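Participant: Below is one structure. I have some questions about it.
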Amino acid sequence: MSRKILVSAVVISLVLLQGCSSPSMTGTPASAAPSSGGSSVVSAPKVSKVQNPLPASVVSKHPCDSALTDAQLTELLGMVPSARREDDPTGPVCGWQKTSTGATIGVGYLTNVSGGLSQVNDRQQGDAYYEALEVGGYPALAYNSTETAPVSDCHVAVGITDTVAYDVGFVVGGNRAGKQDPCDVAKIVAQDVLENLKAAAR
């Protein structure tokens, strides 16, 4: 099973999608595990075309400066933590962590992933949790590569054009694991980011 999520001390780093090369990002990589011998490989479903693509310029700013507002961060985390910037091979990444609980939001613009959401879709289809969905009318994918219970983190990738996507991740902090669904929060974060990108396109 794919293990392409790398976690640093503060931010969730985004999925590494660079052809067939090995992950080589800042942070500690999660170990790669082979697919179970008893499970069959299923082809990834095709990603829907983006019906109302946003201009690529909406992800030209760093996500620390454009992905989430202070009001949104306050609603999500109860405060506005200091932003941590990272330059990832997939594109710029920003992370916010509530130090009192460890709850963490990460947002990355996959500007260096030429295949956009389709490429994420192809790479993550074998994950423990994998769900095709829509966020605000845009094709999206929720996924979690771990099978550890209780699940404490989840990612949602959203295609804003057929070749450009962004990815958000949420890690449940402290003793909230098992009491809060990280994918529910990640979907809210993805919607918030989308609204901000749409506003930047006006």
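Residues in the structure tokens are named by chain (A, B, ... in the order shown) and by number from 1 within that chain; ligands are numbered from 1 in the order shown.
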Would you please give, as a list in words, all residues of segment 47-169 of chain A that DSSP assigns to helix (DSSP H, G or I) based on the backbone?
Facilitator: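 Residues meeting the helix (DSSP H, G or I) criterion: Ala56, Ser57, Val58, Val59, Pro63, Cys64, Asp65, Ser66, Asp70, Ala71, Gln72, Leu73, Thr74, Glu75, Leu76, Leu77, Gly116, Leu117, Ser118, Gln119, Val120, Asn121, Asp122, Arg123 and Gln124 of chain A.
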Participant: Let's have the selection written as a short mmCIF file (atom, residue, chain, number, x, y, z; two decimals), in the first residue's frame, with N, CA and C atoms.
Facilitator:
```cif
data_model
loop_
_atom_site.label_atom_id
_atom_site.label_comp_id
_atom_site.auth_asym_id
_atom_site.auth_seq_id
_atom_site.Cartn_x
_atom_site.Cartn_y
_atom_site.Cartn_z
N ALA A 56 -4.86 29.70 -13.09
CA ALA A 56 -3.73 29.17 -12.34
C ALA A 56 -3.10 30.24 -11.44
N SER A 57 -3.34 31.49 -11.74
CA SER A 57 -2.77 32.58 -10.95
C SER A 57 -3.26 32.58 -9.50
N VAL A 58 -4.37 31.90 -9.20
CA VAL A 58 -4.90 31.92 -7.84
C VAL A 58 -3.99 31.16 -6.88
N VAL A 59 -3.11 30.31 -7.39
CA VAL A 59 -2.16 29.61 -6.52
C VAL A 59 -0.75 30.14 -6.72
N PRO A 63 0.62 29.50 0.08
CA PRO A 63 -0.59 29.21 0.85
C PRO A 63 -0.63 29.87 2.23
N CYS A 64 0.54 30.17 2.80
CA CYS A 64 0.54 30.89 4.08
C CYS A 64 -0.09 32.27 3.94
N ASP A 65 -0.05 32.81 2.73
CA ASP A 65 -0.55 34.16 2.49
C ASP A 65 -1.93 34.18 1.85
N SER A 66 -2.45 33.02 1.42
CA SER A 66 -3.67 33.07 0.63
C SER A 66 -4.66 31.95 0.89
N ASP A 70 -7.55 34.53 8.88
CA ASP A 70 -7.45 34.42 10.34
C ASP A 70 -8.78 33.96 10.94
N ALA A 71 -9.88 34.47 10.38
CA ALA A 71 -11.20 34.08 10.90
C ALA A 71 -11.44 32.59 10.71
N GLN A 72 -11.04 32.05 9.57
CA GLN A 72 -11.21 30.62 9.30
C GLN A 72 -10.33 29.79 10.23
N LEU A 73 -9.08 30.20 10.42
CA LEU A 73 -8.19 29.48 11.32
C LEU A 73 -8.72 29.48 12.74
N THR A 74 -9.28 30.62 13.16
CA THR A 74 -9.85 30.71 14.50
C THR A 74 -11.02 29.76 14.66
N GLU A 75 -11.85 29.67 13.62
CA GLU A 75 -12.99 28.77 13.68
C GLU A 75 -12.56 27.31 13.70
N LEU A 76 -11.49 27.01 12.97
CA LEU A 76 -11.03 25.63 12.87
C LEU A 76 -10.20 25.18 14.07
N LEU A 77 -9.34 26.08 14.56
CA LEU A 77 -8.39 25.70 15.61
C LEU A 77 -8.60 26.43 16.93
N GLY A 116 -2.06 17.19 -11.89
CA GLY A 116 -3.14 17.67 -11.05
C GLY A 116 -3.80 16.57 -10.24
N LEU A 117 -5.11 16.67 -10.09
CA LEU A 117 -5.84 15.71 -9.27
C LEU A 117 -5.78 14.30 -9.84
N SER A 118 -5.70 14.17 -11.15
CA SER A 118 -5.61 12.84 -11.75
C SER A 118 -4.37 12.11 -11.26
N GLN A 119 -3.28 12.83 -11.10
CA GLN A 119 -2.05 12.21 -10.63
C GLN A 119 -2.17 11.79 -9.16
N VAL A 120 -2.80 12.65 -8.35
CA VAL A 120 -3.05 12.28 -6.97
C VAL A 120 -3.94 11.04 -6.92
N ASN A 121 -4.97 11.04 -7.74
CA ASN A 121 -5.92 9.93 -7.81
C ASN A 121 -5.22 8.62 -8.14
N ASP A 122 -4.32 8.65 -9.11
CA ASP A 122 -3.61 7.44 -9.52
C ASP A 122 -2.72 6.92 -8.39
N ARG A 123 -2.10 7.84 -7.65
CA ARG A 123 -1.15 7.43 -6.63
C ARG A 123 -1.81 6.95 -5.34
N GLN A 124 -2.97 7.48 -4.99
CA GLN A 124 -3.55 7.22 -3.68
C GLN A 124 -4.67 6.18 -3.69
#
```
Participant: May I have all residues of segment 55-139 of chain A that DSSP, computed from the backbone, assigns to strand (DSSP E), given as a PyMOL selection string?
Facilitator: chain A and resi 83-88+91-97+104-109+129-135+138-139
Participant: Neighbours of Pro92 of chain A within 12 Å (only C-alpha atoms; same-chain residues fewer than 5 positions away dropped), as a compact mmCIF listing (two decimals) with N, CA and C atoms, in the first residue's frame?
Facilitator:
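The result, stored in part31.txt:
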```txt
# COMPACT_ATOMS: atom_id res chain seq x y z
N VAL A 11 4.08 20.66 10.39
CA VAL A 11 3.10 20.61 9.30
C VAL A 11 2.96 19.23 8.73
N SER A 13 3.24 17.46 5.54
CA SER A 13 3.75 17.68 4.20
C SER A 13 2.85 16.94 3.22
N LEU A 14 2.83 17.40 2.01
CA LEU A 14 1.89 16.88 1.03
C LEU A 14 2.43 15.67 0.29
N VAL A 15 1.55 15.01 -0.44
CA VAL A 15 1.90 13.80 -1.17
C VAL A 15 3.00 14.08 -2.18
N VAL A 59 -3.11 30.31 -7.39
CA VAL A 59 -2.16 29.61 -6.52
C VAL A 59 -0.75 30.14 -6.72
N SER A 60 -0.65 31.38 -7.20
CA SER A 60 0.68 31.97 -7.41
C SER A 60 1.28 32.48 -6.10
N LYS A 61 0.42 32.79 -5.13
CA LYS A 61 0.91 33.22 -3.82
C LYS A 61 1.15 31.98 -2.94
N HIS A 62 1.96 32.16 -1.93
CA HIS A 62 2.21 31.06 -0.99
C HIS A 62 0.93 30.78 -0.21
N PRO A 63 0.62 29.50 0.08
CA PRO A 63 -0.59 29.21 0.85
C PRO A 63 -0.63 29.87 2.23
N CYS A 64 0.54 30.17 2.80
CA CYS A 64 0.54 30.89 4.08
C CYS A 64 -0.09 32.27 3.94
N ASP A 65 -0.05 32.81 2.73
CA ASP A 65 -0.55 34.16 2.49
C ASP A 65 -1.93 34.18 1.85
N SER A 66 -2.45 33.02 1.42
CA SER A 66 -3.67 33.07 0.63
C SER A 66 -4.66 31.95 0.89
N ALA A 67 -4.26 30.88 1.57
CA ALA A 67 -5.13 29.71 1.67
C ALA A 67 -6.26 29.89 2.67
N ARG A 84 3.88 28.05 9.38
CA ARG A 84 5.19 27.51 9.05
C ARG A 84 5.24 27.23 7.55
N ARG A 85 6.18 27.86 6.87
CA ARG A 85 6.34 27.72 5.42
C ARG A 85 7.30 26.59 5.10
N GLU A 86 6.96 25.83 4.07
CA GLU A 86 7.88 24.82 3.55
C GLU A 86 7.80 24.85 2.02
N ASP A 87 8.94 24.66 1.40
CA ASP A 87 8.99 24.51 -0.05
C ASP A 87 9.18 23.04 -0.35
N GLY A 106 -2.52 21.52 7.33
CA GLY A 106 -1.53 21.75 6.28
C GLY A 106 -2.22 22.01 4.96
N VAL A 107 -1.74 22.99 4.22
CA VAL A 107 -2.27 23.29 2.89
C VAL A 107 -1.11 23.40 1.92
N GLY A 108 -1.20 22.69 0.82
CA GLY A 108 -0.17 22.75 -0.21
C GLY A 108 -0.77 22.99 -1.57
N TYR A 109 -0.16 23.86 -2.34
CA TYR A 109 -0.54 24.07 -3.73
C TYR A 109 0.35 23.17 -4.58
N LEU A 110 -0.25 22.22 -5.29
CA LEU A 110 0.52 21.23 -6.04
C LEU A 110 0.94 21.78 -7.40
N THR A 111 1.65 22.89 -7.38
CA THR A 111 2.02 23.59 -8.60
C THR A 111 3.07 22.86 -9.42
N ASN A 112 3.78 21.93 -8.80
CA ASN A 112 4.80 21.16 -9.52
C ASN A 112 4.33 19.76 -9.88
N VAL A 113 3.03 19.51 -9.74
CA VAL A 113 2.45 18.22 -10.09
C VAL A 113 1.65 18.42 -11.38
N TYR A 166 -4.87 21.49 -5.33
CA TYR A 166 -4.29 21.78 -4.02
C TYR A 166 -4.67 20.65 -3.08
N ASP A 167 -3.93 20.53 -1.98
CA ASP A 167 -4.12 19.43 -1.05
C ASP A 167 -4.15 19.99 0.36
N VAL A 168 -5.12 19.58 1.15
CA VAL A 168 -5.15 19.98 2.55
C VAL A 168 -5.07 18.73 3.42
```
Participant: Counting only C-alpha atoms, figure out which residue out of A:Met79, A:Ser152, A:Pro89, A:Pro53 gets nearest to Lys179 of chain A.
Facilitator: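 Checking each of A:Met79, A:Ser152, A:Pro89, A:Pro53 against Lys179 of chain A, counting only C-alpha atoms, the winner is A:Ser152.
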Participant: Which value, in Å to one decimal, gives the distance between atom CA of Val193 of chain A and atom CA of Leu68 of chain A?
Facilitator: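 Interatomic distance here is 5.9 Å.
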Participant: In Å, how far is it from atom CA of Gly173 of chain A to atom CA of Ala142 of chain A?
Facilitator: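 Between atom CA of Gly173 of chain A and atom CA of Ala142 of chain A the gap is 19.2 Å.
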Participant: Which one is closest to Asn196 of chain A: A:Asn52, A:Ala83, A:Gln125, A:Thr69? Count only C-alpha atoms.
Facilitator: A:Thr69
Participant: Any chance you could tabulate, as a tab-separated table, the residues of segment 109-134 of chain A at most 10 Å from segment 180-191 of chain A with each one's nearest atom pair and distance in Å to one decimal, using only C-alpha atoms, in chain and rising number order?
Facilitator:
```
residue	atom	partner	partner_atom	distance
A:Tyr129	CA	A:Cys183	CA	9.8
A:Leu133	CA	A:Lys187	CA	9.8
A:Glu134	CA	A:Lys187	CA	9.5
```
Participant: Report, in Å with one decimal, the straight-line distance from atom CA of Thr101 of chain A to atom CA of Gly169 of chain A.
Facilitator: 16.2 Å
